[in-house]
Amino acid sequence: MQSKTAARTYTQLNRRSMLKGLAGLSGAGLLGGTFPMPAIAQETTWTLANSMRSLANPYHATFAKGGEEFAKSIGAKYEMLVTEGNSEKGVSDIKALLQRTGGKLIVNVDPNDSPDARVIVEEVKKAGGFVVTQWNKPDDLHPWDFDPNYVAHMSFDGVPNAEAIANALFGAFGGEGGIVALGGILSNVPAIERKLGLDNAIAKTNGKVKLLDFQPADWNEQKAFDITQAWITRFGDEIKGVFAANDGMGMGALEALRQNGLAGKVPVVGIDGIDAALTAVEAGEFAGTVAWDPMWTGAMGLAIPYAHVTGKIDITKEPKEHREFYGTGVIVTKDTVAAYKANPPKTDFNDLWGKATGQVQYRS
Amino acid sequence: MQTRKATSFSYLDQWRRWAPLAVLIALCILIGLFNPNFLSTGNFIRLLNSAAIPVVLCMGATFIILMGSIDLSVEGIVALTAVIASLLVANDITAYKLGLFAVPVAMAIGGLMGLVNGVVHVKLKTPSFMTTLGIGFAGLGIATAILGGLTVRIADPTFRYLSLGRVFGIPMAVWIALAAFLVALTIQQRTRIGAWIYAIGTDEVTARFAGIPVEKTRILVFALAGLFYGLGGVLAAAQFGQGHALIAQGRLFTTITAVVVGGTALSGGVGSVVNSIIGVFIVVVLANGMVLMGIEPYVQQGVQGLLIIAAVALALDRSRLSVVK
């Protein structure tokens with residue numbers, strides 16, 4: 001059923017693009033940002049799209065859903081572009097969509113790799129569309145250098161969130177003893193930030209908490225399982241807690257603990273706030289997790305550019321902390337998990353920066 | 001092992017047969033010297049536990065590699081069967097409560113995927129490399145489509161017993177892997193299919209002249225491999241208590257590596273399921289040992305790569321290789 005709907009949108013799109021022809025092309029280029037566009041006339045002519053790695057992980061599936069909900073709320077056409085971890089495909093899909101829509105495209109993209117962001121931004125600017133990037137971009141690429149087409153860059157700050165969740169872990173075992181830590185792929189920005197946050201938290205305990213070992217498990221549950229098993233052999237009772245840089249690896253560690261009768265005795269923390277982790281928090285097996293809000297990033301990456309093209313805001317006049325900003329991570333522990341589940345974060349499409357927590361920082 | 005030529009008997013030949021086992025023993029001694037905990041009973045059980053799923057997957061993959069083909073659909077079939085098994089037992093998404101009946105269903109689906117691999121590969125004469133790659137992607141795609149990126153949590157303790165339960169202190173998954181090994185060994189040693197697999201892998205043209213039903217055997221072996229992957233999917237779901245499309249990530253590489261490191265030649269005809277068991281343990285012991293020895297994460301991958309090349313170089317029977325591809 002889904003594919004049928006998609007096919008229909010496709011044909012309508014083509015017919016409309018053809019009709020638009022010259023007028024559309026010149027219009028998009030000229031009206032770019034200097035003149036706020038009249039809201040009523042624009043309602044349905046913009047195509048919205050979210051681009052992400054895959055729909056097979058909970059974070060990106062929800063990210064895609066957020067975009068869809070926003071598109072539905074304004075009655076716009078919506079497309080999901082999946083890179084499958086392939087930068088080439090990610091860029092060429094966006095180029096194709098720019099062509100098909102005659103540049104009347106708002107795209108919210110989580111670039112497969114940092115360098116892709118520059119290519120995507122340049123293509124979108126050339127075609128007269130609008131783009132928001134998530135998580136990955138080169139440090140020297142800034143939205144204000146591509147006014148008005150590069151609307152914003154959104155991310156979550158791994159350092160303070162990892163530090164906070166590490167402290168929750170230390171609290172769970174009484175603040176004194178050894179921990180082991182599972183990291184993400186060594187070269188990923190979030191992996192580096194989360195490790196830094198953990199290191200900060202450990203440093204602040206003045207030697208009370210000791211990092212017994214750190215191993216990258218490449219965001220992989222199975223690897224985390226095997227490494228944790230080896231740790232149990234190597235350190236035995238010395239392990240008072242397990243820090244995992246994401247919930248998937250945390251679940252792998254938890255199952256390894258369970259196999260050895262240690263689930264619930266050795267607390268685990270993760271980051272991402274996936275359902276399985278929340279359940280583990282309720283069961284007392286996880287000491288906590290950090291819940292991002294992919295629904296919000298998925299929707300706001302479209303809502304902010306849409307507010308600009310409809311004349312509600314002029315993005316070029318917004319301050320820098322509205323152009324490159326962090327979202328809010330929610331620390332969920334045993335004490336707060338019931339409240340969090342009963343009242344999950346809501347996304348208000350009109351509150352553009354309500355959940356922004358400061359300008360993106362560059363640490364390297 | 002049966003394929004050893006009587007004319008080329010020599011000490012070198014003898015050594016080659018035992019090379020993978022020698023590598024394994026050397027590794028164990030080396031790691032044991034660094035960290036005596038490695039040789040503890042507790043760690044031995046943990047090693048068996050880590051090896052259980054790779055062993056099951058290797059049993060299927062060995063037969064295919066023995067025929068000189070390759071199977072890249074491991075991850076796709078494991079993911080799909082893990083997701084289906086999770087959805088059929090008590091869980092938080094569907095209302096099914098099939099309990100252990102989910103096991104044969106998941107295995108049948110694995111077998112079916114394998115059958116498709118075999119039929120497409122044989123009937124359309126597409127290389128096994130491309131066919132299985134395609135079917136593997138299809139499996140991942142279906143798993144993703146079924147769950148839409150979500151994770152299904154298993155709430156059936158009986159099903160989880162397949163991984164968590166212990167008999168004589170050994171995890172259930174290990175017993176299941178042992179059973180899978182015995183079945184595979186029986187097929188290899190005591191059935192005509194077993195003999196035909198070696199014949200096809202050694203020289204398909206001759207096998208055909210000898211009246212061996214090559215096409216049928218190929219299809220059957222791919223289906224058989226699918227059954228093993230289906231069982232692997234069941235064990236993966238039971239181990240993590242959940243099913244999702246990424247559950248099999250990294251399994252393909254471990255499986256093929258273990259088979260090859262164990263001394264089964266990618267060119268076909270040489271090797272056995274016993275070799276693959278040794279191969280799995282080399283891979284598992286190495287991963288465990290590097291954490292125990294506290295080797296820098298940056299160095300680990302390099303060491304792993306070097307040891308894999310060393311193991312293959314030691315085990316390779318070069319007398320049969322006129323061309324290296």
# chains A, B, ... in the order shown; residues from 1 in each chain; ligands from 1
>>> interface_residues(of="chain A", to="chain B", cutoff="9 Å", atoms="only C-alpha atoms", output="number ranges by chain")
A: 54-62, 186, 213-216, 220-223, 225-227, 229-235, 251-252, 254-256, 258-260, 274-276
>>> residues_around(residues="range 267-271 of chain B", least_positions_apart="2", cutoff="6 Å", atoms="only C-alpha atoms", output="list of chain:residue names")
B:Ile65, B:Leu66, B:Met67, B:Gly68, B:Tyr198, B:Gly201, B:Thr202, B:Gly263, B:Thr264, B:Ala265
>>> write_last_selection(atoms="C-alpha atoms", output="PDB file, in the first residue's frame")
ATOM      1  CA  ILE B  65      32.852 -23.455   0.751  1.00  0.00           C
ATOM      2  CA  LEU B  66      33.798 -27.143   0.352  1.00  0.00           C
ATOM      3  CA  MET B  67      31.826 -27.116  -2.903  1.00  0.00           C
ATOM      4  CA  GLY B  68      33.949 -24.180  -4.040  1.00  0.00           C
ATOM      5  CA  TYR B 198      33.888 -33.128  -1.804  1.00  0.00           C
ATOM      6  CA  GLY B 201      34.483 -29.109  -4.814  1.00  0.00           C
ATOM      7  CA  THR B 202      37.487 -31.042  -6.079  1.00  0.00           C
ATOM      8  CA  GLY B 263      42.016 -24.820   6.956  1.00  0.00           C
ATOM      9  CA  THR B 264      39.092 -25.217   4.568  1.00  0.00           C
ATOM     10  CA  ALA B 265      40.197 -23.926   1.180  1.00  0.00           C
TER      11      ALA B 265
END
>>> atom_distance(atom1="CA of Phe222 in chain B", atom2="CA of Thr132 in chain B")
9.6 Å
>>> residues_around(residues="Ile308 in chain B", least_positions_apart="4", cutoff="7 Å", atoms="only C-alpha atoms", output="VMD selection string")
chain B and resid 261 304 312
>>> residues_around(residues="Phe159 in chain B", least_positions_apart="6", cutoff="9 Å", atoms="only C-alpha atoms", output="PyMOL selection string")
chain B and resi 89-90+99-100+102-103+234+237-238+241
>>> select_by_dssp(residues="range 125-255 of chain B", states="helix (DSSP H, G or I)", output="PyMOL selection string")
chain B and resi 128-147+157-164+172-190+192-202+204-209+214-240+251-255
>>> write_last_selection(atoms="C-alpha atoms", output="CSV table (one decimal), in the first residue's frame")
chain,number,residue,atom,x,y,z
B,128,SER,CA,27.0,-17.9,-5.8
B,129,PHE,CA,28.8,-14.7,-4.7
B,130,MET,CA,26.2,-12.4,-6.3
B,131,THR,CA,23.2,-14.7,-5.7
B,132,THR,CA,23.8,-15.0,-2.0
B,133,LEU,CA,24.7,-11.3,-1.7
B,134,GLY,CA,21.4,-10.4,-3.2
B,135,ILE,CA,19.4,-12.9,-1.1
B,136,GLY,CA,21.2,-11.6,2.0
B,137,PHE,CA,20.2,-8.0,1.3
B,138,ALA,CA,16.7,-9.2,0.6
B,139,GLY,CA,16.6,-10.9,4.1
B,140,LEU,CA,17.9,-7.7,5.8
B,141,GLY,CA,15.4,-5.7,3.8
B,142,ILE,CA,12.5,-7.9,4.8
B,143,ALA,CA,13.6,-7.8,8.5
B,144,THR,CA,13.8,-4.0,8.4
B,145,ALA,CA,10.4,-3.8,6.7
B,146,ILE,CA,8.7,-6.1,9.2
B,147,LEU,CA,9.9,-4.1,12.2
B,157,PRO,CA,11.5,-17.4,29.5
B,158,THR,CA,11.3,-20.9,27.9
B,159,PHE,CA,12.7,-19.5,24.6
B,160,ARG,CA,15.4,-17.6,26.4
B,161,TYR,CA,16.3,-20.8,28.1
B,162,LEU,CA,17.8,-21.9,24.8
B,163,SER,CA,20.6,-19.5,25.5
B,164,LEU,CA,20.5,-18.8,29.3
B,172,MET,CA,22.2,-24.6,26.5
B,173,ALA,CA,23.5,-22.8,23.4
B,174,VAL,CA,26.7,-24.8,23.6
B,175,TRP,CA,24.8,-28.1,23.7
B,176,ILE,CA,22.8,-27.0,20.7
B,177,ALA,CA,25.9,-26.0,18.9
B,178,LEU,CA,27.4,-29.4,19.7
B,179,ALA,CA,24.3,-31.1,18.4
B,180,ALA,CA,24.6,-29.0,15.2
B,181,PHE,CA,28.2,-30.1,14.8
B,182,LEU,CA,27.3,-33.8,15.3
B,183,VAL,CA,24.6,-33.5,12.6
B,184,ALA,CA,27.0,-31.8,10.2
B,185,LEU,CA,29.7,-34.4,10.9
B,186,THR,CA,27.3,-37.2,10.2
B,187,ILE,CA,26.3,-35.6,6.9
B,188,GLN,CA,29.9,-35.1,6.0
B,189,GLN,CA,31.1,-38.6,6.9
B,190,ARG,CA,28.2,-40.9,6.6
B,192,ARG,CA,26.3,-39.7,0.0
B,193,ILE,CA,25.7,-35.9,0.0
B,194,GLY,CA,28.8,-35.6,2.1
B,195,ALA,CA,30.9,-37.4,-0.4
B,196,TRP,CA,29.4,-35.6,-3.3
B,197,ILE,CA,30.2,-32.2,-1.8
B,198,TYR,CA,33.9,-33.1,-1.8
B,199,ALA,CA,33.6,-34.5,-5.3
B,200,ILE,CA,32.0,-31.3,-6.6
B,201,GLY,CA,34.5,-29.1,-4.8
B,202,THR,CA,37.5,-31.0,-6.1
B,204,GLU,CA,32.9,-30.5,-10.8
B,205,VAL,CA,33.4,-31.8,-14.4
B,206,THR,CA,34.7,-35.2,-13.2
B,207,ALA,CA,31.9,-35.3,-10.6
B,208,ARG,CA,29.4,-34.8,-13.4
B,209,PHE,CA,30.9,-37.6,-15.5
B,214,VAL,CA,25.6,-31.8,-9.2
B,215,GLU,CA,22.7,-29.4,-9.5
B,216,LYS,CA,20.5,-31.2,-7.0
B,217,THR,CA,23.3,-31.5,-4.6
B,218,ARG,CA,24.2,-27.8,-4.8
B,219,ILE,CA,20.5,-26.8,-4.2
B,220,LEU,CA,20.3,-29.2,-1.3
B,221,VAL,CA,23.5,-27.9,0.3
B,222,PHE,CA,22.4,-24.3,0.1
B,223,ALA,CA,19.1,-25.2,1.7
B,224,LEU,CA,20.9,-27.1,4.4
B,225,ALA,CA,23.1,-24.1,5.1
B,226,GLY,CA,20.0,-22.0,5.4
B,227,LEU,CA,18.6,-24.4,8.1
B,228,PHE,CA,21.8,-23.9,10.1
B,229,TYR,CA,21.6,-20.1,9.7
B,230,GLY,CA,18.0,-20.3,10.8
B,231,LEU,CA,19.1,-22.1,14.0
B,232,GLY,CA,21.8,-19.4,14.4
B,233,GLY,CA,19.1,-16.7,14.2
B,234,VAL,CA,17.1,-18.5,16.9
B,235,LEU,CA,20.1,-18.6,19.2
B,236,ALA,CA,21.0,-14.9,18.5
B,237,ALA,CA,17.4,-13.9,19.4
B,238,ALA,CA,17.5,-16.1,22.6
B,239,GLN,CA,20.9,-14.7,23.5
B,240,PHE,CA,19.9,-11.1,23.4
B,251,ARG,CA,28.5,-12.4,11.6
B,252,LEU,CA,29.4,-12.9,8.0
B,253,PHE,CA,33.0,-11.9,8.4
B,254,THR,CA,33.5,-14.1,11.5
B,255,THR,CA,31.9,-17.1,9.8
>>> atom_distance(atom1="CA of Met154 in chain A", atom2="CA of Lys137 in chain A")
10.0 Å
>>> select_by_dssp(residues="range 86-275 of chain B", states="strand (DSSP E or B)", output="PyMOL selection string")
chain B and resi 91+152-154+166-167+170-171+242-243
>>> atom_distance(atom1="CA of Tyr326 in chain A", atom2="CA of Ala117 in chain A")
17.4 Å
>>> residues_around(residues="Asn108 in chain A", least_positions_apart="6", cutoff="10 Å", atoms="only C-alpha atoms", output="PDB file with N, CA and C atoms, in the first residue's frame")
ATOM      1  N   LEU A  48       9.476  18.144   0.989  1.00  0.00           N
ATOM      2  CA  LEU A  48      10.303  17.974   2.172  1.00  0.00           C
ATOM      3  C   LEU A  48      10.944  16.591   2.134  1.00  0.00           C
ATOM      4  N   ALA A  49      12.181  16.499   2.647  1.00  0.00           N
ATOM      5  CA  ALA A  49      12.841  15.192   2.656  1.00  0.00           C
ATOM      6  C   ALA A  49      13.776  15.068   3.846  1.00  0.00           C
ATOM      7  N   ASN A  50      13.833  13.878   4.424  1.00  0.00           N
ATOM      8  CA  ASN A  50      14.847  13.562   5.431  1.00  0.00           C
ATOM      9  C   ASN A  50      15.782  12.518   4.839  1.00  0.00           C
ATOM     10  N   SER A  51      17.079  12.715   5.066  1.00  0.00           N
ATOM     11  CA  SER A  51      18.059  11.748   4.563  1.00  0.00           C
ATOM     12  C   SER A  51      18.827  11.169   5.743  1.00  0.00           C
ATOM     13  N   MET A  52      18.914   9.823   5.795  1.00  0.00           N
ATOM     14  CA  MET A  52      19.594   9.178   6.925  1.00  0.00           C
ATOM     15  C   MET A  52      20.252   7.876   6.490  1.00  0.00           C
ATOM     16  N   PHE A  63      13.660   9.395  13.537  1.00  0.00           N
ATOM     17  CA  PHE A  63      14.067  10.626  12.837  1.00  0.00           C
ATOM     18  C   PHE A  63      13.233  10.799  11.562  1.00  0.00           C
ATOM     19  N   ALA A  64      13.100   9.708  10.807  1.00  0.00           N
ATOM     20  CA  ALA A  64      12.313   9.751   9.567  1.00  0.00           C
ATOM     21  C   ALA A  64      10.841  10.039   9.875  1.00  0.00           C
ATOM     22  N   GLY A  67      10.076  13.739  10.566  1.00  0.00           N
ATOM     23  CA  GLY A  67       9.937  14.517   9.347  1.00  0.00           C
ATOM     24  C   GLY A  67       8.572  14.307   8.707  1.00  0.00           C
ATOM     25  N   MET A  80      11.666   9.995   2.012  1.00  0.00           N
ATOM     26  CA  MET A  80      12.737   9.503   2.868  1.00  0.00           C
ATOM     27  C   MET A  80      13.864   9.028   1.977  1.00  0.00           C
ATOM     28  N   LEU A  81      15.059   9.548   2.212  1.00  0.00           N
ATOM     29  CA  LEU A  81      16.222   9.119   1.432  1.00  0.00           C
ATOM     30  C   LEU A  81      17.143   8.326   2.363  1.00  0.00           C
ATOM     31  N   PHE A 130      16.788  24.427   0.429  1.00  0.00           N
ATOM     32  CA  PHE A 130      17.220  24.729   1.793  1.00  0.00           C
ATOM     33  C   PHE A 130      17.617  23.448   2.503  1.00  0.00           C
ATOM     34  N   VAL A 131      18.663  23.550   3.334  1.00  0.00           N
ATOM     35  CA  VAL A 131      19.187  22.344   3.963  1.00  0.00           C
ATOM     36  C   VAL A 131      19.518  22.564   5.438  1.00  0.00           C
ATOM     37  N   VAL A 132      19.243  21.529   6.240  1.00  0.00           N
ATOM     38  CA  VAL A 132      19.686  21.484   7.633  1.00  0.00           C
ATOM     39  C   VAL A 132      20.508  20.209   7.776  1.00  0.00           C
ATOM     40  N   THR A 133      21.657  20.287   8.453  1.00  0.00           N
ATOM     41  CA  THR A 133      22.463  19.082   8.659  1.00  0.00           C
ATOM     42  C   THR A 133      22.389  18.650  10.127  1.00  0.00           C
ATOM     43  N   GLN A 134      22.627  17.353  10.346  1.00  0.00           N
ATOM     44  CA  GLN A 134      22.605  16.770  11.684  1.00  0.00           C
ATOM     45  C   GLN A 134      23.933  16.086  11.983  1.00  0.00           C
ATOM     46  N   VAL A 151      20.483  26.424   6.290  1.00  0.00           N
ATOM     47  CA  VAL A 151      19.696  27.032   7.358  1.00  0.00           C
ATOM     48  C   VAL A 151      20.317  26.799   8.728  1.00  0.00           C
ATOM     49  N   ALA A 152      20.663  25.536   9.037  1.00  0.00           N
ATOM     50  CA  ALA A 152      21.168  25.258  10.388  1.00  0.00           C
ATOM     51  C   ALA A 152      21.870  23.909  10.454  1.00  0.00           C
ATOM     52  N   HIS A 153      22.646  23.751  11.525  1.00  0.00           N
ATOM     53  CA  HIS A 153      23.248  22.467  11.849  1.00  0.00           C
ATOM     54  C   HIS A 153      22.846  22.102  13.278  1.00  0.00           C
ATOM     55  N   MET A 154      22.345  20.868  13.454  1.00  0.00           N
ATOM     56  CA  MET A 154      21.892  20.435  14.779  1.00  0.00           C
ATOM     57  C   MET A 154      22.721  19.245  15.244  1.00  0.00           C
ATOM     58  N   THR A 297      14.474  16.223  16.207  1.00  0.00           N
ATOM     59  CA  THR A 297      15.447  16.587  15.168  1.00  0.00           C
ATOM     60  C   THR A 297      14.868  16.318  13.778  1.00  0.00           C
ATOM     61  N   GLY A 298      14.122  15.206  13.657  1.00  0.00           N
ATOM     62  CA  GLY A 298      13.525  14.863  12.371  1.00  0.00           C
ATOM     63  C   GLY A 298      12.546  15.923  11.910  1.00  0.00           C
ATOM     64  N   ALA A 299      11.781  16.484  12.848  1.00  0.00           N
ATOM     65  CA  ALA A 299      10.758  17.479  12.502  1.00  0.00           C
ATOM     66  C   ALA A 299      11.346  18.887  12.384  1.00  0.00           C
ATOM     67  N   MET A 300      12.209  19.274  13.347  1.00  0.00           N
ATOM     68  CA  MET A 300      12.704  20.648  13.382  1.00  0.00           C
ATOM     69  C   MET A 300      13.648  20.962  12.225  1.00  0.00           C
ATOM     70  N   GLY A 301      14.347  19.939  11.740  1.00  0.00           N
ATOM     71  CA  GLY A 301      15.230  20.136  10.599  1.00  0.00           C
ATOM     72  C   GLY A 301      14.447  20.519   9.358  1.00  0.00           C
ATOM     73  N   LEU A 302      13.123  20.328   9.393  1.00  0.00           N
ATOM     74  CA  LEU A 302      12.265  20.770   8.286  1.00  0.00           C
ATOM     75  C   LEU A 302      11.475  22.012   8.688  1.00  0.00           C
ATOM     76  N   ALA A 303      11.077  22.056   9.968  1.00  0.00           N
ATOM     77  CA  ALA A 303      10.205  23.150  10.425  1.00  0.00           C
ATOM     78  C   ALA A 303      10.925  24.496  10.375  1.00  0.00           C
ATOM     79  N   PRO A 305      13.594  25.542   8.357  1.00  0.00           N
ATOM     80  CA  PRO A 305      13.642  26.076   6.993  1.00  0.00           C
ATOM     81  C   PRO A 305      12.257  26.443   6.455  1.00  0.00           C
TER      82      PRO A 305
END
>>> residues_around(residues="Trp353 in chain A", least_positions_apart="2", cutoff="10 Å", atoms="only C-alpha atoms", output="list of chain:residue names")
A:Met300, A:Ile304, A:Glu321, A:His322, A:Arg323, A:Phe325, A:Tyr326, A:Gly327, A:Asp348, A:Phe349, A:Asn350, A:Asp351, A:Lys355, A:Ala356, A:Thr357, A:Gly358
>>> write_last_selection(atoms="N, CA and C atoms", output="compact mmCIF listing (two decimals), in the first residue's frame")
# COMPACT_ATOMS: atom_id res chain seq x y z
N MET A 300 12.21 19.27 13.35
CA MET A 300 12.70 20.65 13.38
C MET A 300 13.65 20.96 12.23
N ILE A 304 12.22 24.52 10.74
CA ILE A 304 12.95 25.79 10.75
C ILE A 304 13.10 26.35 9.33
N GLU A 321 23.60 31.06 17.69
CA GLU A 321 23.15 29.91 18.48
C GLU A 321 21.81 29.35 17.98
N HIS A 322 21.23 30.00 16.97
CA HIS A 322 20.06 29.43 16.31
C HIS A 322 20.44 28.77 14.99
N ARG A 323 21.72 28.87 14.64
CA ARG A 323 22.15 28.29 13.35
C ARG A 323 22.95 27.00 13.55
N PHE A 325 23.34 24.47 16.70
CA PHE A 325 22.95 24.30 18.12
C PHE A 325 22.80 22.85 18.52
N TYR A 326 22.88 22.65 19.84
CA TYR A 326 22.68 21.33 20.43
C TYR A 326 21.23 21.16 20.86
N GLY A 327 20.72 19.93 20.75
CA GLY A 327 19.42 19.61 21.31
C GLY A 327 19.57 19.20 22.77
N ASP A 348 6.71 20.43 19.58
CA ASP A 348 5.83 21.51 19.15
C ASP A 348 6.44 22.13 17.90
N PHE A 349 5.79 21.93 16.74
CA PHE A 349 6.35 22.37 15.48
C PHE A 349 6.56 23.88 15.42
N ASN A 350 5.84 24.63 16.28
CA ASN A 350 5.96 26.08 16.22
C ASN A 350 7.04 26.63 17.13
N ASP A 351 7.48 25.78 18.07
CA ASP A 351 8.50 26.23 19.02
C ASP A 351 9.87 25.84 18.45
N LYS A 355 13.95 23.67 22.41
CA LYS A 355 14.76 22.61 23.02
C LYS A 355 16.24 22.75 22.70
N ALA A 356 16.62 23.89 22.13
CA ALA A 356 18.03 24.09 21.81
C ALA A 356 18.78 24.44 23.09
N THR A 357 19.97 23.84 23.25
CA THR A 357 20.74 24.14 24.45
C THR A 357 22.14 24.60 24.08
N GLY A 358 22.21 25.76 23.45
CA GLY A 358 23.52 26.37 23.23
C GLY A 358 24.15 26.05 21.90
>>> closest_residue(among="A:Ile106, A:Val266, A:Ile179, A:Ile192", to="Ala307 in chain A", atoms="only C-alpha atoms")
A:Ile106
